[in-house]
Amino acid sequence: MAKPEGEITWKDLEIGSIVTDPGSASQYQTGGWRTQRPVYDTDKCIKCGLCAIFCPDGCIGQNAEGYFEADLFYCKGCGICARECWTQAITMVEEEE
Amino acid sequence: MTEQKIGIEVSRALAIAVKLANVDVVSAYPITPQTHIVEHLAELVANGELDAEYIPVESEHSAMSACLGSSAVGARTFTATAGQGLELMHEVLYVASSMRLPLVMAVANRALSAPLSIWGDHSDVMAVRDTGWIQIFAANGQETFDSVLCAFRIAEDQRVFLPVMVHLDGFHLTHMVEPICIPEQSKVDKFLPPYQYPLPLDPDKPVTMGAFAPPYVYTEAKKAQQVNLTAAKEVILQCWREFGSFFGRYYSSVEGYHCEKAKVLLLVMGSFSETAMSAIDTLRGEGKEVGLIKLRLWRPFPFDEIRRAVRDAEVLIILDRAISFGGPGGPVCSEIRAALCNEDKKPKVIGFVGGLGGRDISPDGFKEMINRGIEISQTGSEQEFEMFGVRE
């Protein structure tokens, strides 16, 4: 949608609220729901990618050095990656910290 | 060749109307008293008389879901159900209307369990009142047939794109053999232009239907729906006028019978209004100034027409064939009371709930109801409603 969220009127919606821009859900920031975020200990990480496989949001990718990291724009802080990590390289910390 | 008038069961005639509308897809699950409609459609498809996909499904929930898909790709779609089947569809009904899919459904109005009743009343309709569908009540076989043809045209109008329910009373209409005019295919084709959905599901031009709406836009989506359904009324009235000029039978949202100078009006929906006409004739013969109002259009609700129709009456008696337990009685009565509450000139409104679970109301019964309504209005003791014909 071309307009910012707070400016869309009912007249701007397509018939039946159809979305004509495929993949536009990627513009929706789900990271705002998070209360905890994952932090990584690269000394323990073996780059196995199991965290990325288990991530229900599919928001974990490899960085330039090959380490796996969550994209905090989408990461909801569920902690599944930390629970599944073999080497306990991921710790969930409170967002306030 | 002019149109043929034949004696035929209303359910079978309805199926012929669907065939004449040249539907592409029928998906339905059989349930009494709707069964004859879909049975005949299955037969027409199997015999090659109707070139359509007939999708048998395992439940009404699936029937309506299949209809969503076929309507979304731009196929003209029909289904039918009744009672429990309509309730099993419930959540999907909202999806059809809010996704603005113009499918058409016949509902053979039936009571709801428990106790189990396969017979007619309007409990099923009233439970889906707020699903955002256009809802039209038919009073006889010809009205049913004509309403189905109109339903496709209304639903698929570029200004509407909404699903339409055509209500016909279970057994009292579905299983009656009536004389019904069946128009020629070529005339129906002229009346009903091909269906063209503006944004159909198409792999070459992908769209997302039924996506989630966060709080910042859900209210706007609902407002759009409300404006759209309300505005559909003008299109419905226009369709009925054009239907009249094509086929010579005219319909309106609120129809009066002997309403001129009537001090007492009875308001009924569906096939019972035909029986009530006999009672009105008798009472008129006795010199009583009574009239009948048939409410044909239930959604969008015809506020102005109702207000105009009852303005000059002293007493308005309303029959509901459904009950809102622990509430204001019948949904029709409470909506009309609400529509009138800010009017300066309005009749006293007396509500009855009756005709439940297939219980007949005879012409004498309607006479009794009218007299009882007048009596209540004179004693000034009107309550929310009274149950009619119940054994105490």
# chains A, B, ... in the order shown; residues from 1 in each chain; ligands from 1

call {"tool": "closest_atom_pairs", "arguments": {"of": "chain B", "to": "chain A", "cutoff": "12 Å", "atoms": "only C-alpha atoms", "output": "tab-separated table"}}
result
residue	atom	partner	partner_atom	distance
B:Ala72	CA	A:Gly16	CA	10.7
B:Tyr94	CA	A:Gly16	CA	11.4
B:Val95	CA	A:Gly16	CA	9.4
B:Ala96	CA	A:Gly16	CA	9.2
B:Ser97	CA	A:Gly16	CA	8.1
B:Ser98	CA	A:Gly16	CA	5.6
B:Met99	CA	A:Gly16	CA	4.0
B:Arg100	CA	A:Gly16	CA	5.0
B:Leu101	CA	A:Gly16	CA	8.0
B:Pro102	CA	A:Gly16	CA	11.0
B:Gln158	CA	A:Ile15	CA	10.5
B:Arg159	CA	A:Ile15	CA	10.4
B:Val160	CA	A:Ile15	CA	10.0
B:Phe161	CA	A:Ile15	CA	8.5
B:Leu162	CA	A:Gly16	CA	9.4
B:Pro163	CA	A:Gly16	CA	11.9
B:Tyr197	CA	A:Ile15	CA	10.0
B:Pro198	CA	A:Ile15	CA	8.4
B:Leu199	CA	A:Ile18	CA	8.0
B:Pro200	CA	A:Ile18	CA	9.8
B:Leu201	CA	A:Ile18	CA	10.3
B:Asp202	CA	A:Thr20	CA	11.4
B:Pro203	CA	A:Pro22	CA	11.3
B:Asp204	CA	A:Pro22	CA	11.9
B:Lys205	CA	A:Thr20	CA	8.6
B:Pro206	CA	A:Pro22	CA	6.7
B:Val207	CA	A:Thr20	CA	4.7
B:Thr208	CA	A:Val19	CA	4.9
B:Met209	CA	A:Ile18	CA	5.0
B:Gly210	CA	A:Ile18	CA	6.9
B:Ala211	CA	A:Val19	CA	7.3
B:Phe212	CA	A:Ala25	CA	9.1
B:Ala213	CA	A:Ser17	CA	8.6
B:Pro214	CA	A:Tyr28	CA	9.3
B:Pro215	CA	A:Glu5	CA	9.9
B:Tyr216	CA	A:Glu5	CA	6.5
B:Val217	CA	A:Ile8	CA	7.2
B:Tyr218	CA	A:Trp10	CA	9.3
B:Thr219	CA	A:Trp10	CA	8.1
B:Glu220	CA	A:Trp10	CA	4.3
B:Ala221	CA	A:Trp10	CA	6.0
B:Lys222	CA	A:Trp10	CA	8.1
B:Lys223	CA	A:Trp10	CA	6.3
B:Ala224	CA	A:Trp10	CA	5.4
B:Gln225	CA	A:Gly16	CA	7.9
B:Gln226	CA	A:Trp10	CA	10.4
B:Val227	CA	A:Trp10	CA	9.5
B:Asn228	CA	A:Ile15	CA	9.8

call {"tool": "residues_around", "arguments": {"residues": "A:Arg83", "least_positions_apart": "4", "cutoff": "12 Å", "atoms": "only C-alpha atoms", "output": "list in words"}}
result
Pro38, Leu50, Cys51, Phe54, Cys55, Gly77, Cys78, Gly79, Thr87, Gln88, Ala89, Ile90, Thr91 and Met92 of chain A

call {"tool": "atom_distance", "arguments": {"atom1": "atom CA of B:Lys348", "atom2": "atom CA of B:Gln383"}}
result
11.2 Å

call {"tool": "residues_around", "arguments": {"residues": "B:Lys346", "least_positions_apart": "2", "cutoff": "8 Å", "atoms": "only C-alpha atoms", "output": "NGL selection string"}}
result
:B and (310-314 or 340 or 343-344 or 348)

call {"tool": "write_last_selection", "arguments": {"atoms": "C-alpha atoms", "output": "PDB file, in the first residue's frame"}}
result
ATOM      1  CA  VAL B 310     -46.302   1.662   8.426  1.00  0.00           C
ATOM      2  CA  ARG B 311     -46.380   5.410   9.143  1.00  0.00           C
ATOM      3  CA  ASP B 312     -50.137   5.859   8.905  1.00  0.00           C
ATOM      4  CA  ALA B 313     -51.147   2.713  10.772  1.00  0.00           C
ATOM      5  CA  GLU B 314     -52.182   2.652  14.430  1.00  0.00           C
ATOM      6  CA  LEU B 340     -39.262   3.315  14.163  1.00  0.00           C
ATOM      7  CA  GLU B 343     -40.100   8.559  14.214  1.00  0.00           C
ATOM      8  CA  ASP B 344     -42.694  11.113  15.294  1.00  0.00           C
ATOM      9  CA  LYS B 348     -47.837   0.600  18.292  1.00  0.00           C
TER      10      LYS B 348
END

call {"tool": "select_by_dssp", "arguments": {"residues": "stretch 153-355 of chain B", "states": "strand (DSSP E)", "output": "VMD selection string"}}
result
chain B and resid 164 to 169 177 to 182 254 to 257 264 to 268 290 to 295 297 to 299 315 to 320 348 to 353

call {"tool": "atom_distance", "arguments": {"atom1": "atom CA of B:Ala279", "atom2": "atom CA of B:Pro363"}}
result
4.7 Å

call {"tool": "closest_residue", "arguments": {"among": "B:Asp146, B:Asp320, B:Asp169, B:Glu178", "to": "B:Phe191", "atoms": "only C-alpha atoms"}}
result
B:Asp146

call {"tool": "residues_around", "arguments": {"residues": "A:Ala52", "least_positions_apart": "6", "cutoff": "9 Å", "atoms": "only C-alpha atoms", "output": "list in words"}}
result
Gly58, Cys59, Ile60, Gly61, Gln62, Phe68, Glu69, Ala70 and Cys81 of chain A

call {"tool": "write_last_selection", "arguments": {"atoms": "N, CA and C atoms", "output": "PDB file, in the first residue's frame"}}
result
ATOM      1  N   GLY A  58      11.078 -17.995  10.161  1.00  0.00           N
ATOM      2  CA  GLY A  58      12.007 -18.007   9.018  1.00  0.00           C
ATOM      3  C   GLY A  58      12.852 -16.760   8.935  1.00  0.00           C
ATOM      4  N   CYS A  59      13.161 -16.194  10.069  1.00  0.00           N
ATOM      5  CA  CYS A  59      13.838 -14.894  10.041  1.00  0.00           C
ATOM      6  C   CYS A  59      15.331 -15.008  10.341  1.00  0.00           C
ATOM      7  N   ILE A  60      15.870 -16.247  10.400  1.00  0.00           N
ATOM      8  CA  ILE A  60      17.294 -16.415  10.723  1.00  0.00           C
ATOM      9  C   ILE A  60      18.094 -16.700   9.442  1.00  0.00           C
ATOM     10  N   GLY A  61      19.136 -15.915   9.242  1.00  0.00           N
ATOM     11  CA  GLY A  61      19.987 -16.104   8.066  1.00  0.00           C
ATOM     12  C   GLY A  61      21.459 -16.033   8.471  1.00  0.00           C
ATOM     13  N   GLN A  62      22.362 -16.304   7.482  1.00  0.00           N
ATOM     14  CA  GLN A  62      23.807 -16.268   7.772  1.00  0.00           C
ATOM     15  C   GLN A  62      24.351 -14.871   7.475  1.00  0.00           C
ATOM     16  N   PHE A  68      24.932 -17.625  12.108  1.00  0.00           N
ATOM     17  CA  PHE A  68      23.477 -17.459  11.968  1.00  0.00           C
ATOM     18  C   PHE A  68      22.966 -16.393  12.932  1.00  0.00           C
ATOM     19  N   GLU A  69      22.058 -15.546  12.404  1.00  0.00           N
ATOM     20  CA  GLU A  69      21.530 -14.437  13.204  1.00  0.00           C
ATOM     21  C   GLU A  69      20.068 -14.188  12.840  1.00  0.00           C
ATOM     22  N   ALA A  70      19.300 -13.796  13.844  1.00  0.00           N
ATOM     23  CA  ALA A  70      17.891 -13.448  13.574  1.00  0.00           C
ATOM     24  C   ALA A  70      17.795 -12.016  13.075  1.00  0.00           C
ATOM     25  N   CYS A  81      14.931 -20.984  18.954  1.00  0.00           N
ATOM     26  CA  CYS A  81      16.323 -21.152  18.484  1.00  0.00           C
ATOM     27  C   CYS A  81      17.262 -21.452  19.661  1.00  0.00           C
TER      28      CYS A  81
END

call {"tool": "residues_around", "arguments": {"residues": "B:Gly389", "least_positions_apart": "6", "cutoff": "9 Å", "atoms": "only C-alpha atoms", "output": "ChimeraX atom specification"}}
result
/B:353-355,359,361,365,369

call {"tool": "write_last_selection", "arguments": {"atoms": "C-alpha atoms", "output": "PDB file, in the first residue's frame"}}
result
ATOM      1  CA  VAL B 353     -43.280 -15.436  17.775  1.00  0.00           C
ATOM      2  CA  GLY B 354     -44.889 -18.415  16.076  1.00  0.00           C
ATOM      3  CA  GLY B 355     -44.752 -20.891  13.241  1.00  0.00           C
ATOM      4  CA  ARG B 359     -45.998 -25.419  12.990  1.00  0.00           C
ATOM      5  CA  ILE B 361     -50.503 -20.944  10.987  1.00  0.00           C
ATOM      6  CA  GLY B 365     -54.756 -18.506  12.951  1.00  0.00           C
ATOM      7  CA  MET B 369     -53.297 -13.249  15.766  1.00  0.00           C
TER       8      MET B 369
END

call {"tool": "atom_distance", "arguments": {"atom1": "atom CA of B:Leu297", "atom2": "atom CA of B:Ile154"}}
result
12.7 Å

call {"tool": "residues_around", "arguments": {"residues": "B:Gly357", "least_positions_apart": "5", "cutoff": "9 Å", "atoms": "only C-alpha atoms", "output": "JSON, numbers by chain"}}
result
{"B": [110, 111, 112, 117, 118, 119, 120, 121, 122, 123, 321]}

call {"tool": "write_last_selection", "arguments": {"atoms": "C-alpha atoms", "output": "CSV table (one decimal), in the first residue's frame"}}
result
chain,number,residue,atom,x,y,z
B,110,ARG,CA,-35.4,-24.9,8.7
B,111,ALA,CA,-35.5,-24.9,12.5
B,112,LEU,CA,-32.4,-25.6,14.6
B,117,SER,CA,-36.6,-30.6,13.7
B,118,ILE,CA,-36.3,-30.9,10.0
B,119,TRP,CA,-39.3,-28.6,9.5
B,120,GLY,CA,-39.4,-24.9,8.6
B,121,ASP,CA,-38.9,-21.7,10.5
B,122,HIS,CA,-36.4,-18.8,10.4
B,123,SER,CA,-34.0,-19.7,13.2
B,321,ARG,CA,-40.6,-17.4,13.0

call {"tool": "residues_around", "arguments": {"residues": "B:Ile136", "least_positions_apart": "5", "cutoff": "10 Å", "atoms": "only C-alpha atoms", "output": "mmCIF file with C-alpha atoms, in the first residue's frame"}}
result
data_model
loop_
_atom_site.group_PDB
_atom_site.id
_atom_site.type_symbol
_atom_site.label_atom_id
_atom_site.label_comp_id
_atom_site.auth_asym_id
_atom_site.auth_seq_id
_atom_site.Cartn_x
_atom_site.Cartn_y
_atom_site.Cartn_z
ATOM 1 C CA ALA B 106 -30.631 -20.875 -1.684
ATOM 2 C CA THR B 144 -38.271 -18.153 -5.566
ATOM 3 C CA SER B 147 -35.289 -14.294 -7.000
ATOM 4 C CA VAL B 148 -32.597 -16.763 -8.023
ATOM 5 C CA ALA B 151 -29.706 -12.887 -7.201
ATOM 6 C CA VAL B 164 -26.808 -13.334 -1.998
ATOM 7 C CA MET B 165 -29.020 -15.704 -0.020
ATOM 8 C CA VAL B 166 -32.449 -16.524 -1.390
ATOM 9 C CA HIS B 167 -34.656 -17.760 1.448
ATOM 10 C CA LEU B 168 -37.524 -20.136 0.808
ATOM 11 C CA ILE B 236 -31.392 -4.468 -5.970
ATOM 12 C CA SER B 253 -38.337 -4.620 -0.847
ATOM 13 C CA MET B 269 -41.807 -12.739 5.876
ATOM 14 C CA GLY B 270 -41.703 -15.726 3.545
ATOM 15 C CA LEU B 295 -40.907 -7.922 3.944
ATOM 16 C CA ARG B 296 -38.905 -9.342 1.013
ATOM 17 C CA LEU B 297 -35.540 -7.696 1.521
ATOM 18 C CA TRP B 298 -34.002 -8.565 4.882
ATOM 19 C CA ARG B 299 -30.449 -7.355 4.159
ATOM 20 C CA PRO B 300 -29.740 -4.597 3.362
#

call {"tool": "select_by_dssp", "arguments": {"residues": "stretch 3-66 of chain A", "states": "helix (DSSP H, G or I)", "output": "list in words"}}
result
Glu5, Gly6, Glu7, Trp10, Lys11, Asp12, Ile15, Gly16, Ser17, Ser24, Ala25, Ser26, Gln27, Gly31, Gly32, Trp33, Leu50, Cys51, Ala52, Ile53 and Phe54 of chain A
